file final18.cif (mmCIF, C-alpha atoms)
data_entry
#
loop_
_atom_site.label_atom_id
_atom_site.label_comp_id
_atom_site.auth_asym_id
_atom_site.auth_seq_id
_atom_site.Cartn_x
_atom_site.Cartn_y
_atom_site.Cartn_z
CA MET A 180 -72.11 76.81 45.76
CA PHE A 181 -70.15 79.97 46.22
CA SER A 182 -71.15 83.21 44.53
CA ARG A 183 -67.96 85.17 45.02
CA ILE A 184 -64.47 84.42 46.26
CA ILE A 185 -63.24 87.10 48.65
CA GLU A 186 -59.49 87.62 48.90
CA LYS A 187 -58.16 88.60 52.33
CA PRO A 188 -55.16 91.02 52.37
CA VAL A 189 -52.26 89.62 54.43
CA GLY A 190 -51.70 91.54 57.65
CA PHE A 191 -55.09 93.26 57.70
CA LEU A 192 -56.58 91.27 60.56
CA GLY A 193 -53.57 91.84 62.74
CA LEU A 194 -53.95 95.55 62.12
CA VAL A 195 -57.63 95.41 63.04
CA GLY A 196 -56.70 93.78 66.32
CA GLY A 197 -54.24 96.58 67.06
CA ILE A 198 -56.78 99.27 66.26
CA SER A 199 -59.31 97.56 68.52
CA LEU A 200 -56.90 97.76 71.44
CA LEU A 201 -56.30 101.45 70.83
CA ALA A 202 -60.03 102.08 70.67
CA GLY A 203 -60.30 101.21 74.34
CA CYS A 204 -57.70 103.74 75.40
CA GLY A 205 -59.86 106.85 75.21
CA LYS A 206 -57.76 109.85 74.16
CA LEU A 207 -55.05 107.62 72.75
CA GLN A 208 -57.29 106.67 69.81
CA ASN A 209 -56.12 107.84 66.39
CA ASP A 210 -57.61 107.15 63.00
CA ALA A 211 -55.24 105.51 60.57
CA ASN A 212 -55.48 105.38 56.80
CA VAL A 213 -53.98 102.11 55.68
CA PRO A 214 -53.05 101.88 52.00
CA LEU A 215 -54.15 98.50 50.67
CA PRO A 216 -52.35 96.81 47.78
CA TYR A 217 -53.97 96.83 44.36
CA TYR A 218 -56.14 93.79 43.74
CA ALA A 219 -57.03 92.54 40.27
CA ASN A 220 -60.38 90.77 40.17
CA GLN A 221 -60.14 87.22 38.87
CA LEU A 222 -62.66 85.05 37.11
CA VAL A 223 -64.19 82.36 39.33
CA ALA A 224 -65.63 79.24 37.70
CA GLU A 225 -67.68 76.53 39.38
CA CYS A 226 -68.69 73.51 37.30
CA TYR A 227 -69.77 70.03 38.37
CA LEU A 228 -70.49 67.54 35.61
CA GLU A 229 -72.74 64.52 36.10
CA ASN A 230 -73.59 61.63 33.82
CA GLY A 231 -77.02 61.98 32.20
CA LYS A 232 -77.39 65.67 33.07
CA VAL A 233 -77.10 68.83 30.97
CA PRO A 234 -73.92 70.65 32.08
CA VAL A 235 -74.26 73.98 33.87
CA LEU A 236 -71.56 76.37 35.05
CA THR A 237 -71.38 79.45 37.23
CA VAL A 238 -68.92 82.26 36.46
CA THR A 239 -68.43 85.18 38.83
CA GLU A 240 -65.54 87.42 39.88
CA SER A 241 -63.40 87.47 42.99
CA VAL A 242 -63.38 90.73 44.96
CA PRO A 243 -61.11 92.33 47.58
CA TYR A 244 -61.81 91.53 51.22
CA LEU A 245 -62.93 95.14 51.82
CA ASP A 246 -65.09 95.30 48.70
CA ASP A 247 -67.79 97.98 48.83
CA GLY A 248 -70.17 95.96 46.67
CA GLN A 249 -69.45 97.90 43.48
CA ALA A 250 -66.32 96.08 42.36
CA ILE A 251 -67.99 94.29 39.43
CA ALA A 252 -70.86 96.66 38.73
CA ALA A 253 -69.60 97.59 35.27
CA GLY A 254 -70.37 95.04 32.56
CA SER A 255 -72.41 92.76 34.79
CA GLN A 256 -75.97 91.54 35.09
CA VAL A 257 -77.86 91.37 38.37
CA LEU A 258 -79.58 88.07 39.18
CA ALA A 259 -82.21 87.92 41.93
CA LEU A 260 -82.05 84.81 44.13
CA PRO A 261 -85.00 83.13 45.89
CA ASN A 262 -83.67 84.20 49.31
CA GLY A 263 -84.03 87.87 48.38
CA GLN A 264 -80.33 88.46 47.75
CA THR A 265 -78.86 89.53 44.42
CA VAL A 266 -75.63 88.57 42.69
CA GLN A 267 -73.72 90.37 39.94
CA LEU A 268 -72.70 88.23 36.98
CA PRO A 269 -70.13 89.17 34.30
CA THR A 270 -71.75 89.07 30.86
CA ASP A 271 -68.70 89.04 28.55
CA VAL A 272 -67.69 85.44 29.27
CA THR A 273 -67.63 82.58 26.75
CA VAL A 274 -67.51 78.96 27.96
CA THR A 275 -66.62 75.81 26.04
CA LEU A 276 -66.69 72.26 27.35
CA THR A 277 -64.50 69.70 25.60
CA LEU A 278 -66.03 66.22 25.55
CA PRO A 279 -63.94 63.00 25.90
CA GLY A 280 -63.91 62.48 22.14
CA GLY A 281 -62.53 65.99 21.57
CA GLN A 282 -65.81 67.57 20.44
CA PRO A 283 -66.46 71.09 21.76
CA MET A 284 -69.77 71.90 23.47
CA PRO A 285 -70.34 75.65 23.84
CA LEU A 286 -72.26 76.61 26.99
CA ARG A 287 -74.54 79.57 26.32
CA PHE A 288 -75.00 82.49 28.72
CA SER A 289 -78.40 81.87 30.29
CA PRO A 290 -78.51 82.90 33.97
CA GLY A 291 -81.06 81.10 36.08
CA VAL A 292 -81.87 79.36 39.35
CA ASP A 293 -82.53 75.64 39.71
CA ALA A 294 -85.98 75.35 41.27
CA ALA A 295 -85.09 72.05 42.97
CA THR A 296 -81.77 73.03 44.56
CA GLY A 297 -82.00 76.83 44.77
CA LYS A 298 -78.54 77.11 43.20
CA TYR A 299 -77.89 79.53 40.36
CA HIS A 300 -75.88 79.21 37.17
CA THR A 301 -74.69 81.51 34.40
CA HIS A 302 -74.09 79.11 31.48
CA ILE A 303 -75.81 75.94 30.30
CA GLY A 304 -75.08 73.24 27.72
CA SER A 305 -77.23 71.90 24.93
CA THR A 306 -77.51 68.16 25.67
CA ALA A 307 -77.10 65.71 28.55
CA LEU A 308 -73.63 64.26 29.07
CA VAL A 309 -72.50 60.66 28.80
CA ALA A 310 -69.62 60.18 31.24
CA GLN A 311 -67.78 56.93 31.87
CA ALA A 312 -65.03 56.17 34.40
CA GLY A 313 -61.59 57.26 33.22
CA GLN A 314 -62.81 59.70 30.58
CA GLN A 315 -61.47 63.26 30.56
CA PHE A 316 -63.42 66.48 30.08
CA GLY A 317 -61.92 69.90 29.40
CA LEU A 318 -63.07 73.42 30.30
CA ASP A 319 -62.27 76.76 28.67
CA VAL A 320 -63.59 80.02 30.14
CA GLN A 321 -62.54 83.46 28.89
CA ASP A 322 -63.77 87.03 28.77
CA LYS A 323 -63.09 90.07 26.58
CA ARG A 324 -60.61 91.49 29.10
CA GLY A 325 -58.08 88.73 28.48
CA ARG A 326 -58.80 86.61 31.53
CA HIS A 327 -58.69 82.91 30.71
CA ILE A 328 -59.49 79.84 32.84
CA THR A 329 -58.72 76.29 31.74
CA GLY A 330 -59.17 72.96 33.47
CA THR A 331 -59.51 69.23 33.04
CA ALA A 332 -61.48 66.65 35.02
CA ILE A 333 -61.40 62.86 34.92
CA VAL A 334 -64.49 60.79 35.68
CA PRO A 335 -63.98 58.81 38.94
CA THR A 336 -65.02 55.18 39.29
CA PHE A 337 -68.38 54.40 40.86
CA ILE A 338 -68.19 53.32 44.51
CA PRO A 339 -71.54 51.98 45.76
CA ILE A 340 -72.97 52.29 49.23
CA ASP A 341 -73.03 48.80 50.77
CA SER A 342 -75.67 49.57 53.38
CA VAL A 343 -77.29 52.24 55.54
CA LYS A 344 -78.56 51.57 59.05
CA TYR A 345 -79.88 53.46 62.04
CA LYS A 346 -80.50 52.72 65.70
CA PHE A 347 -82.48 54.60 68.33
CA ASN A 348 -81.11 55.19 71.82
CA GLY A 349 -84.00 53.56 73.67
CA LEU A 350 -85.28 56.78 75.23
CA THR A 351 -88.79 58.19 74.82
CA GLY A 352 -90.45 61.44 73.79
CA ASP A 353 -88.23 64.25 72.54
CA ASN A 354 -85.16 62.41 73.83
CA LYS A 355 -85.66 59.49 71.44
CA LYS A 356 -83.03 59.88 68.73
CA ALA A 357 -81.10 57.67 66.34
CA TYR A 358 -77.60 57.54 64.97
CA PHE A 359 -77.09 56.79 61.27
CA VAL A 360 -74.49 54.53 59.69
CA THR A 361 -73.34 54.62 56.04
CA LYS A 362 -71.09 51.75 54.96
CA TRP A 363 -69.07 51.23 51.78
CA THR A 364 -66.00 49.29 50.59
CA ASP A 365 -62.85 51.14 49.57
CA PRO A 366 -60.73 49.81 46.67
CA GLY A 367 -57.26 48.82 47.84
CA ALA A 368 -55.15 49.58 44.76
CA THR A 369 -55.62 53.36 44.82
CA THR A 370 -55.69 56.34 47.17
CA ASP A 371 -59.29 57.47 47.32
CA PHE A 372 -61.30 60.42 48.59
CA TYR A 373 -64.99 60.77 49.36
CA ARG A 374 -67.66 63.29 50.17
CA LEU A 375 -70.58 61.98 52.22
CA GLN A 376 -73.72 64.07 52.63
CA LEU A 377 -76.72 63.25 54.77
CA HIS A 378 -79.94 65.13 54.07
CA LYS A 379 -83.06 65.17 56.17
CA GLY A 380 -86.32 65.62 54.29
CA LYS A 381 -85.89 67.12 50.83
CA PRO A 382 -82.22 66.61 49.87
CA ALA A 383 -81.94 69.97 48.09
CA ASN A 384 -82.69 72.07 51.15
CA ASN A 385 -81.76 70.31 54.37
CA THR A 386 -78.11 69.25 54.60
CA GLU A 387 -77.67 67.54 57.96
CA THR A 388 -73.99 66.53 57.62
CA ASP A 389 -71.36 67.08 54.93
CA ASN A 390 -68.02 65.32 55.40
CA ASP A 391 -64.83 64.97 53.35
CA ILE A 392 -63.09 61.65 53.93
CA SER A 393 -59.69 60.21 52.95
CA ASP A 394 -59.06 56.47 52.90
CA LYS A 395 -55.70 56.76 54.70
CA LEU A 396 -56.95 54.71 57.66
CA PHE A 397 -59.11 52.18 55.78
CA ASN A 398 -57.52 51.68 52.35
CA GLY A 399 -58.93 48.51 50.77
CA GLN A 400 -61.34 47.86 53.63
CA SER A 401 -65.00 48.29 54.43
CA TYR A 402 -65.68 51.56 56.21
CA ALA A 403 -68.64 52.81 58.23
CA GLN A 404 -69.30 56.51 58.83
CA VAL A 405 -71.38 56.94 62.00
CA THR A 406 -73.21 60.07 63.15
CA THR A 407 -74.17 61.17 66.63
CA TYR A 408 -77.70 60.63 67.96
CA ARG A 409 -79.33 63.39 65.92
CA PHE A 410 -82.28 61.95 63.98
CA LYS A 411 -85.85 61.64 65.24
CA PRO A 412 -88.61 59.12 64.56
CA ASN A 413 -90.33 59.72 61.20
CA ASP A 414 -87.30 61.52 59.76
CA THR A 415 -86.42 60.70 56.14
CA VAL A 416 -82.64 60.49 55.74
CA THR A 417 -80.85 60.42 52.38
CA ALA A 418 -77.19 59.40 52.21
CA THR A 419 -75.20 60.50 49.14
CA LEU A 420 -71.67 59.14 48.69
CA TYR A 421 -69.41 60.86 46.15
CA HIS A 422 -66.17 59.29 44.99
CA VAL A 423 -63.96 62.33 44.24
CA ASP A 424 -60.41 63.05 43.10
CA SER A 425 -57.65 64.58 45.22
CA LEU A 426 -57.97 68.03 43.59
CA TYR A 427 -61.63 68.32 44.50
CA TYR A 428 -60.88 67.06 48.02
CA ASP A 429 -58.14 69.70 48.46
CA PHE A 430 -60.44 72.41 47.09
CA ARG A 431 -63.12 71.50 49.63
CA GLN A 432 -60.60 71.54 52.46
CA SER A 433 -59.26 74.95 51.43
CA THR A 434 -62.69 76.58 51.14
CA ARG A 435 -63.60 75.26 54.60
CA ASN A 436 -60.35 76.69 56.03
CA ALA A 437 -61.02 80.03 54.34
CA ARG A 438 -64.51 80.23 55.85
CA ASN A 439 -63.16 79.39 59.30
CA ALA A 440 -60.45 82.06 59.00
CA ASN A 441 -62.86 84.75 57.85
CA GLY A 442 -63.49 87.20 60.70
CA ASN A 443 -61.09 85.41 63.05
CA PRO A 444 -58.37 87.88 64.17
CA PHE A 445 -56.09 85.01 65.21
CA ALA A 446 -56.29 83.03 61.96
CA GLN A 447 -53.95 83.27 59.01
CA PRO A 448 -55.49 83.94 55.58
CA SER A 449 -56.22 80.68 53.80
CA ALA A 450 -55.64 80.37 50.06
CA ILE A 451 -58.15 78.58 47.83
CA HIS A 452 -56.70 75.45 46.20
CA SER A 453 -58.42 75.74 42.84
CA THR A 454 -58.71 72.81 40.44
CA VAL A 455 -58.48 75.20 37.44
CA GLN A 456 -55.68 77.31 35.98
CA GLY A 457 -55.72 81.03 35.17
CA GLY A 458 -58.29 81.94 37.81
CA LEU A 459 -60.13 80.54 40.79
CA GLY A 460 -62.68 77.79 41.21
CA VAL A 461 -63.46 74.15 40.70
CA PHE A 462 -64.13 71.87 37.73
CA SER A 463 -65.00 68.28 38.59
CA VAL A 464 -67.09 65.28 37.59
CA LEU A 465 -69.42 64.02 40.32
CA VAL A 466 -70.10 60.30 40.61
CA SER A 467 -72.37 59.26 43.45
CA ASP A 468 -74.58 56.59 44.98
CA THR A 469 -77.68 57.42 47.04
CA ARG A 470 -79.79 55.58 49.63
CA THR A 471 -82.91 56.91 51.35
CA VAL A 472 -84.33 55.53 54.61
CA TYR A 473 -87.47 56.35 56.58
CA LEU A 474 -86.79 56.17 60.33
CA LYS A 475 -89.68 54.36 62.05
#

call {"tool": "encode", "arguments": {"input": "final18.cif", "output": "structure tokens"}}
result
Amino acid sequence: MFSRIIEKPVGFLGLVGGISLLAGCGKLQNDANVPLPYYANQLVAECYLENGKVPVLTVTESVPYLDDGQAIAAGSQVLALPNGQTVQLPTDVTVTLTLPGGQPMPLRFSPGVDAATGKYHTHIGSTALVAQAGQQFGLDVQDKRGRHITGTAIVPTFIPIDSVKYKFNGLTGDNKKAYFVTKWTDPGATTDFYRLQLHKGKPANNTETDNDISDKLFNGQSYAQVTTYRFKPNDTVTATLYHVDSLYYDFRQSTRNARNANGNPFAQPSAIHSTVQGGLGVFSVLVSDTRTVYLK
């Protein structure tokens, strides 16, 4: 879960590289004041719906790349996180979820932290959702400053995990490790995307691998995702397979590219491919299957 989206001004990193070269030239160094373009903070919404769970949503604001930490101080509430950090949350935001039958479900402002996952939210619904494949949910987020986010999400079909297996390398002591295999069958009539997470120990806190997968190379076939030799005897491994839509897949790819570009003077700024309109963020329905194995 992201707390804030940081926008990177085009051309800034190249300038930093130039200044760094001048810094090594002794008397040739000159300070330069670079006027940065005006940046309007945008609303950022993050909402993942799941069948049988009460919906929660997180709303924050994007900030400039060179933010001094005070960009959203006015009209915000500070939330303390378990890791000792704090996050500023806008308080003038109203959120409404539209259910498949057209009924609105307002999500009330109630900031908090999920004790199981450590993730925080700003808004929460009133009742657990009933979500079936093919149904569509709608999202409406707006504040008193005229910013307005909308989005829709369709419930993906359920794709089960066929099997999970592991095998040790035959070595002993600290060198004894196992690879892990997760296998499922891809439907052939559609283009499909997946997210596969492997957790070691408690799933909420110990993500071992997190992969985004397209079925371009195995459409309509059984597929096995294999790890390296990385697990030890007595490890508990949980595999979670999400069947996701193309918008969520593209969003995940873009956020990964943005993280990789951050701080890299040779990388181009990477735009976030949001699944919502009018702002930044993601709105999606998560459908998953889970298997847990104890490695003996």

call {"tool": "resolve_selection", "arguments": {"input": "final18.cif", "expression": "the PyMOL selection byres ((chain A and resi 348) around 12)", "output": "PyMOL selection string"}}
result
chain A and resi 345-347+349-359+407-412

call {"tool": "atom_distance", "arguments": {"input": "final18.cif", "atom1": "CA of Gln256 in chain A", "atom2": "CA of Pro290 in chain A"}}
result
9.1 Å

call {"tool": "closest_residue", "arguments": {"input": "final18.cif", "among": "A:Val405, A:Gly442, A:Lys395, A:Val334", "to": "His422 in chain A", "atoms": "all atoms listed in the file"}}
result
A:Val334

call {"tool": "resolve_selection", "arguments": {"input": "final18.cif", "expression": "the PyMOL selection byres ((chain A and resi 275) around 7)", "output": "ChimeraX atom specification"}}
result
/A:273-274,276-277,283-286,318-320

call {"tool": "residues_near_point", "arguments": {"input": "final18.cif", "point": "(-67.3, 54.1, 44.3)", "cutoff": "12 Å", "atoms": "all atoms listed in the file", "output": "PyMOL selection string"}}
result
chain A and resi 312+334-341+362-367+369+371-375+399+401+419-424+465-469

call {"tool": "atom_distance", "arguments": {"input": "final18.cif", "atom1": "CA of Gln315 in chain A", "atom2": "CA of Ser433 in chain A"}}
result
24.0 Å
